[in-house]
Amino acid sequence: MNYELSMYPEQIAIIRLYGELGHHETEKIRAQISKTILQGHVTTLIWNLAGLQFMDSSGIGLILGRMRELSIVGGQIIILNPSSTMQKIFQFSGLAQYIMHADEQAAISHIRGIVHG
Amino acid sequence: MDNEMTLSFIAKSENESLARMAVMSFIAQLDPTVDELSELKTIISEAVSNAIIHGYEEDGKSVVTVRATLIGHTIQVSIQDYGKGIGDVAQAMEPLFTTKAALERSGMGFTIMESFADELVVQSVEGEGTSVTFTKKISSAHASVM
């Protein structure tokens with residue numbers, strides 16, 4: 001499990017996840033991601049899953065937990081490029097509405113479109 | 001093709017990926033599709049994580065056993081722990097129900113397992129342990145190769 005966290009202007013953070021995300025891996029990365037959100041001025045979190053090979057319901061817990069932290073500032077999330085199995089897991093969990101199949105630039109433009117009307 | 005494997009390991013979260021990998025290697029002989037593989041892997045991951053987290057509270061010493069059997073093109077897998085058990089299995093299987101919200105467990109594990117398996121049976125006795133047994137038929141996209 002590996003991840004990269006990039007900050008963009010206008011309070012956008014992109015998290016790129018790689019490898020496998022289960023319970024063990026989630027426990028290792030949660031605190032750092034959470035700290036970035038709570039210390040900064042992040043209002044949008046983009047989860048780029050293009051490089052993620054596997055995810056179970058631990059990923060749902062991780063994303064829902066960060067949504068709760070973002071809700072304090074009226075923030076939002078985008079889930080980019082999940083695999084077909086992950087997409088099903090998001091559907092079961094009521095998160096399908098946040099999925100986009102696009103590159104990061106398109107996701108950022110989408111967010112700015114919303115922000116600026 | 002009939003075959004069988006058993007894997008036992010202690011309740012440490014590091015062993016979740018071991019269990020996933022072992023069953024993935026075992027099923028490779030049936031030449032499953034990418035979706036079949038990843039759905040099977042997800043079921044294993046959910047059941048093994050439950051045994052480690054809920055059955056044994058990650059005690060690092062109690063043993064989880066994964067037993068997989070191939071009968072024709074169907075895999076049957078049983079994940080067994082002898083931990084604290086589930087008092088109300090029906091309630092535990094409801095979507096979003098979790099006893100560990102503080103640990104950010106989503107409560108979606110059983111829903112995912114039921115959706116991705118063809119058949120799923122959960123047996124549990126409080127104080128004695130839990131077994132999750134499921135079957136999944138593998139389509140074997142390239143079954144005619146051999």
# chains A, B, ... in the order shown; residues from 1 in each chain; ligands from 1

$ residues_around --residues "Thr99 (chain B)" --least-positions-apart "5" --cutoff "12 Å" --atoms "only C-alpha atoms" --output "mmCIF file with C-alpha atoms, in the first residue's frame"
data_model
loop_
_atom_site.group_PDB
_atom_site.id
_atom_site.type_symbol
_atom_site.label_atom_id
_atom_site.label_comp_id
_atom_site.auth_asym_id
_atom_site.auth_seq_id
_atom_site.Cartn_x
_atom_site.Cartn_y
_atom_site.Cartn_z
ATOM 1 C CA ASN B 50 -14.137 -9.704 10.635
ATOM 2 C CA ILE B 53 -11.144 -7.535 14.317
ATOM 3 C CA HIS B 54 -14.435 -8.734 15.778
ATOM 4 C CA GLY B 55 -13.815 -12.407 16.573
ATOM 5 C CA GLU B 57 -10.126 -8.124 18.685
ATOM 6 C CA ILE B 86 -22.080 -12.883 17.137
ATOM 7 C CA GLY B 87 -25.159 -12.687 19.351
ATOM 8 C CA ASP B 88 -27.578 -11.658 16.615
ATOM 9 C CA GLN B 91 -28.682 -7.849 12.857
ATOM 10 C CA ALA B 92 -24.942 -8.112 12.113
ATOM 11 C CA MET B 93 -25.777 -8.746 8.468
ATOM 12 C CA GLU B 94 -27.931 -5.639 8.071
ATOM 13 C CA GLU B 104 -14.535 3.407 11.046
ATOM 14 C CA ARG B 105 -15.871 -0.040 10.217
ATOM 15 C CA SER B 106 -18.528 0.753 7.630
ATOM 16 C CA GLY B 107 -20.990 -2.036 8.419
ATOM 17 C CA MET B 108 -20.980 -3.082 4.767
#

$ interface_residues --of "chain B" --to "chain A" --cutoff "9 Å" --atoms "only C-alpha atoms" --output "mmCIF file with N, CA and C atoms, in the first residue's frame"
data_model
loop_
_atom_site.group_PDB
_atom_site.id
_atom_site.type_symbol
_atom_site.label_atom_id
_atom_site.label_comp_id
_atom_site.auth_asym_id
_atom_site.auth_seq_id
_atom_site.Cartn_x
_atom_site.Cartn_y
_atom_site.Cartn_z
ATOM 1 N N LYS B 12 -3.589 -11.247 13.449
ATOM 2 C CA LYS B 12 -2.889 -9.976 13.244
ATOM 3 C C LYS B 12 -3.306 -9.431 11.893
ATOM 4 N N SER B 13 -3.519 -8.118 11.814
ATOM 5 C CA SER B 13 -4.043 -7.546 10.566
ATOM 6 C C SER B 13 -3.073 -7.734 9.394
ATOM 7 N N GLU B 14 -1.782 -7.905 9.699
ATOM 8 C CA GLU B 14 -0.804 -8.161 8.638
ATOM 9 C C GLU B 14 -1.159 -9.415 7.834
ATOM 10 N N ASN B 15 -1.880 -10.349 8.463
ATOM 11 C CA ASN B 15 -2.172 -11.623 7.804
ATOM 12 C C ASN B 15 -3.374 -11.566 6.859
ATOM 13 N N GLU B 16 -4.083 -10.440 6.841
ATOM 14 C CA GLU B 16 -5.226 -10.311 5.925
ATOM 15 C C GLU B 16 -4.774 -10.446 4.473
ATOM 16 N N SER B 17 -3.662 -9.792 4.136
ATOM 17 C CA SER B 17 -3.197 -9.851 2.743
ATOM 18 C C SER B 17 -2.665 -11.247 2.407
ATOM 19 N N ASP B 35 -12.941 -9.855 -12.887
ATOM 20 C CA ASP B 35 -14.021 -9.503 -11.962
ATOM 21 C C ASP B 35 -14.285 -10.618 -10.949
ATOM 22 N N GLU B 36 -14.244 -11.859 -11.419
ATOM 23 C CA GLU B 36 -14.446 -12.988 -10.487
ATOM 24 C C GLU B 36 -13.360 -13.010 -9.421
ATOM 25 N N SER B 38 -11.495 -10.472 -8.345
ATOM 26 C CA SER B 38 -11.528 -9.355 -7.391
ATOM 27 C C SER B 38 -12.743 -9.462 -6.466
ATOM 28 N N GLU B 39 -13.842 -10.055 -6.956
ATOM 29 C CA GLU B 39 -14.993 -10.258 -6.061
ATOM 30 C C GLU B 39 -14.671 -11.312 -5.003
ATOM 31 N N LYS B 41 -11.725 -12.121 -3.934
ATOM 32 C CA LYS B 41 -10.728 -11.524 -3.041
ATOM 33 C C LYS B 41 -11.395 -10.622 -1.996
ATOM 34 N N THR B 42 -12.422 -9.891 -2.441
ATOM 35 C CA THR B 42 -13.122 -8.987 -1.523
ATOM 36 C C THR B 42 -13.852 -9.777 -0.437
ATOM 37 N N ILE B 43 -14.509 -10.874 -0.828
ATOM 38 C CA ILE B 43 -15.227 -11.684 0.171
ATOM 39 C C ILE B 43 -14.248 -12.209 1.221
ATOM 40 N N SER B 45 -11.350 -11.025 2.066
ATOM 41 C CA SER B 45 -10.841 -9.914 2.860
ATOM 42 C C SER B 45 -11.838 -9.503 3.946
ATOM 43 N N GLU B 46 -13.123 -9.427 3.569
ATOM 44 C CA GLU B 46 -14.154 -9.034 4.536
ATOM 45 C C GLU B 46 -14.269 -10.064 5.661
ATOM 46 N N SER B 49 -11.022 -10.187 7.843
ATOM 47 C CA SER B 49 -10.942 -8.977 8.680
ATOM 48 C C SER B 49 -11.928 -9.071 9.839
ATOM 49 N N PRO B 95 -27.234 -4.031 6.359
ATOM 50 C CA PRO B 95 -26.331 -2.998 5.825
ATOM 51 C C PRO B 95 -26.124 -1.877 6.844
ATOM 52 N N LEU B 96 -24.897 -1.443 6.976
ATOM 53 C CA LEU B 96 -24.487 -0.319 7.823
ATOM 54 C C LEU B 96 -24.446 -0.629 9.316
ATOM 55 N N ALA B 101 -17.989 1.424 15.103
ATOM 56 C CA ALA B 101 -18.045 2.666 14.338
ATOM 57 C C ALA B 101 -16.826 3.540 14.630
ATOM 58 N N LEU B 103 -13.886 2.673 15.042
ATOM 59 C CA LEU B 103 -12.754 2.222 14.224
ATOM 60 C C LEU B 103 -13.036 2.429 12.733
ATOM 61 N N GLU B 104 -14.126 3.138 12.433
ATOM 62 C CA GLU B 104 -14.535 3.407 11.046
ATOM 63 C C GLU B 104 -14.811 2.127 10.269
ATOM 64 N N ARG B 105 -15.365 1.118 10.948
ATOM 65 C CA ARG B 105 -15.871 -0.040 10.217
ATOM 66 C C ARG B 105 -17.208 0.393 9.623
ATOM 67 N N SER B 106 -17.391 0.155 8.330
ATOM 68 C CA SER B 106 -18.528 0.753 7.630
ATOM 69 C C SER B 106 -19.841 -0.007 7.833
ATOM 70 N N GLY B 107 -19.768 -1.248 8.286
ATOM 71 C CA GLY B 107 -20.990 -2.036 8.419
ATOM 72 C C GLY B 107 -21.457 -2.620 7.100
ATOM 73 N N MET B 108 -20.594 -2.591 6.097
ATOM 74 C CA MET B 108 -20.980 -3.082 4.767
ATOM 75 C C MET B 108 -20.391 -4.454 4.433
ATOM 76 N N GLY B 109 -19.606 -5.015 5.331
ATOM 77 C CA GLY B 109 -18.906 -6.262 5.050
ATOM 78 C C GLY B 109 -19.816 -7.399 4.613
ATOM 79 N N THR B 111 -22.944 -7.297 3.609
ATOM 80 C CA THR B 111 -23.688 -6.944 2.386
ATOM 81 C C THR B 111 -22.839 -7.231 1.154
ATOM 82 N N ILE B 112 -21.558 -6.850 1.230
ATOM 83 C CA ILE B 112 -20.634 -7.090 0.122
ATOM 84 C C ILE B 112 -20.423 -8.587 -0.080
ATOM 85 N N SER B 115 -23.424 -10.144 -1.683
ATOM 86 C CA SER B 115 -23.604 -9.723 -3.073
ATOM 87 C C SER B 115 -22.635 -10.429 -4.010
#

$ residues_around --residues "Ile108 (chain A)" --least-positions-apart "6" --cutoff "10 Å" --atoms "only C-alpha atoms" --output "ChimeraX atom specification"
/A:8,10,12-14,44,46,78,114

$ select_by_dssp --residues "region 9-142 of chain B" --states "alpha helix (DSSP H)" --output "VMD selection string"
chain B and resid 15 to 27 34 to 50 89 to 92 109 to 116

$ residues_around --residues "Leu5 (chain A)" --least-positions-apart "2" --cutoff "10 Å" --atoms "only C-alpha atoms" --output "JSON list (two decimals) with C-alpha atoms, in the first residue's frame"
[["chain", "number", "residue", "atom", "x", "y", "z"],
["A", 3, "TYR", "CA", -0.34, 6.78, -1.43],
["A", 7, "MET", "CA", -2.54, 19.92, -2.65],
["A", 13, "ALA", "CA", -6.50, 17.76, -2.14],
["A", 14, "ILE", "CA", -5.88, 14.77, -4.37],
["A", 15, "ILE", "CA", -5.14, 11.41, -2.78],
["A", 16, "ARG", "CA", -3.74, 8.77, -5.12],
["A", 17, "LEU", "CA", -3.94, 5.26, -3.70],
["A", 32, "GLN", "CA", -1.95, 11.21, 8.09],
["A", 33, "ILE", "CA", -4.80, 11.87, 5.64],
["A", 36, "THR", "CA", -3.99, 17.03, 6.31],
["A", 46, "ILE", "CA", -10.40, 13.80, -4.78],
["A", 47, "TRP", "CA", -9.72, 10.08, -4.29]]

$ atom_distance --atom1 "CA of Ile75 (chain B)" --atom2 "CA of Glu126 (chain B)"
28.0 Å

$ atom_distance --atom1 "CA of Val34 (chain B)" --atom2 "CA of Asn48 (chain A)"
20.3 Å

$ residues_around --residues "Gln76 (chain B)" --least-positions-apart "5" --cutoff "6 Å" --atoms "only C-alpha atoms" --output "number ranges by chain"
B: 68-69, 134-135

$ write_last_selection --atoms "C-alpha atoms" --output "PDB file, in the first residue's frame"
ATOM      1  CA  ALA B  68     -10.941 -23.693   0.390  1.00  0.00           C
ATOM      2  CA  THR B  69     -12.259 -26.529  -1.761  1.00  0.00           C
ATOM      3  CA  PHE B 134     -19.579 -19.321   0.836  1.00  0.00           C
ATOM      4  CA  THR B 135     -19.541 -20.714  -2.673  1.00  0.00           C
TER       5      THR B 135
END

$ atom_distance --atom1 "CA of Ile79 (chain B)" --atom2 "CA of Thr6 (chain B)"
10.0 Å

$ select_by_dssp --residues "chain A" --states "strand (DSSP E)" --output "number ranges by chain"
A: 2-8, 12-21, 44-48, 52-55, 76-80, 99-100

$ closest_residue --among "A:Ser34, A:Ala50, A:Gln11, A:Tyr98" --to "Arg112 (chain A)" --atoms "only C-alpha atoms"
A:Gln11
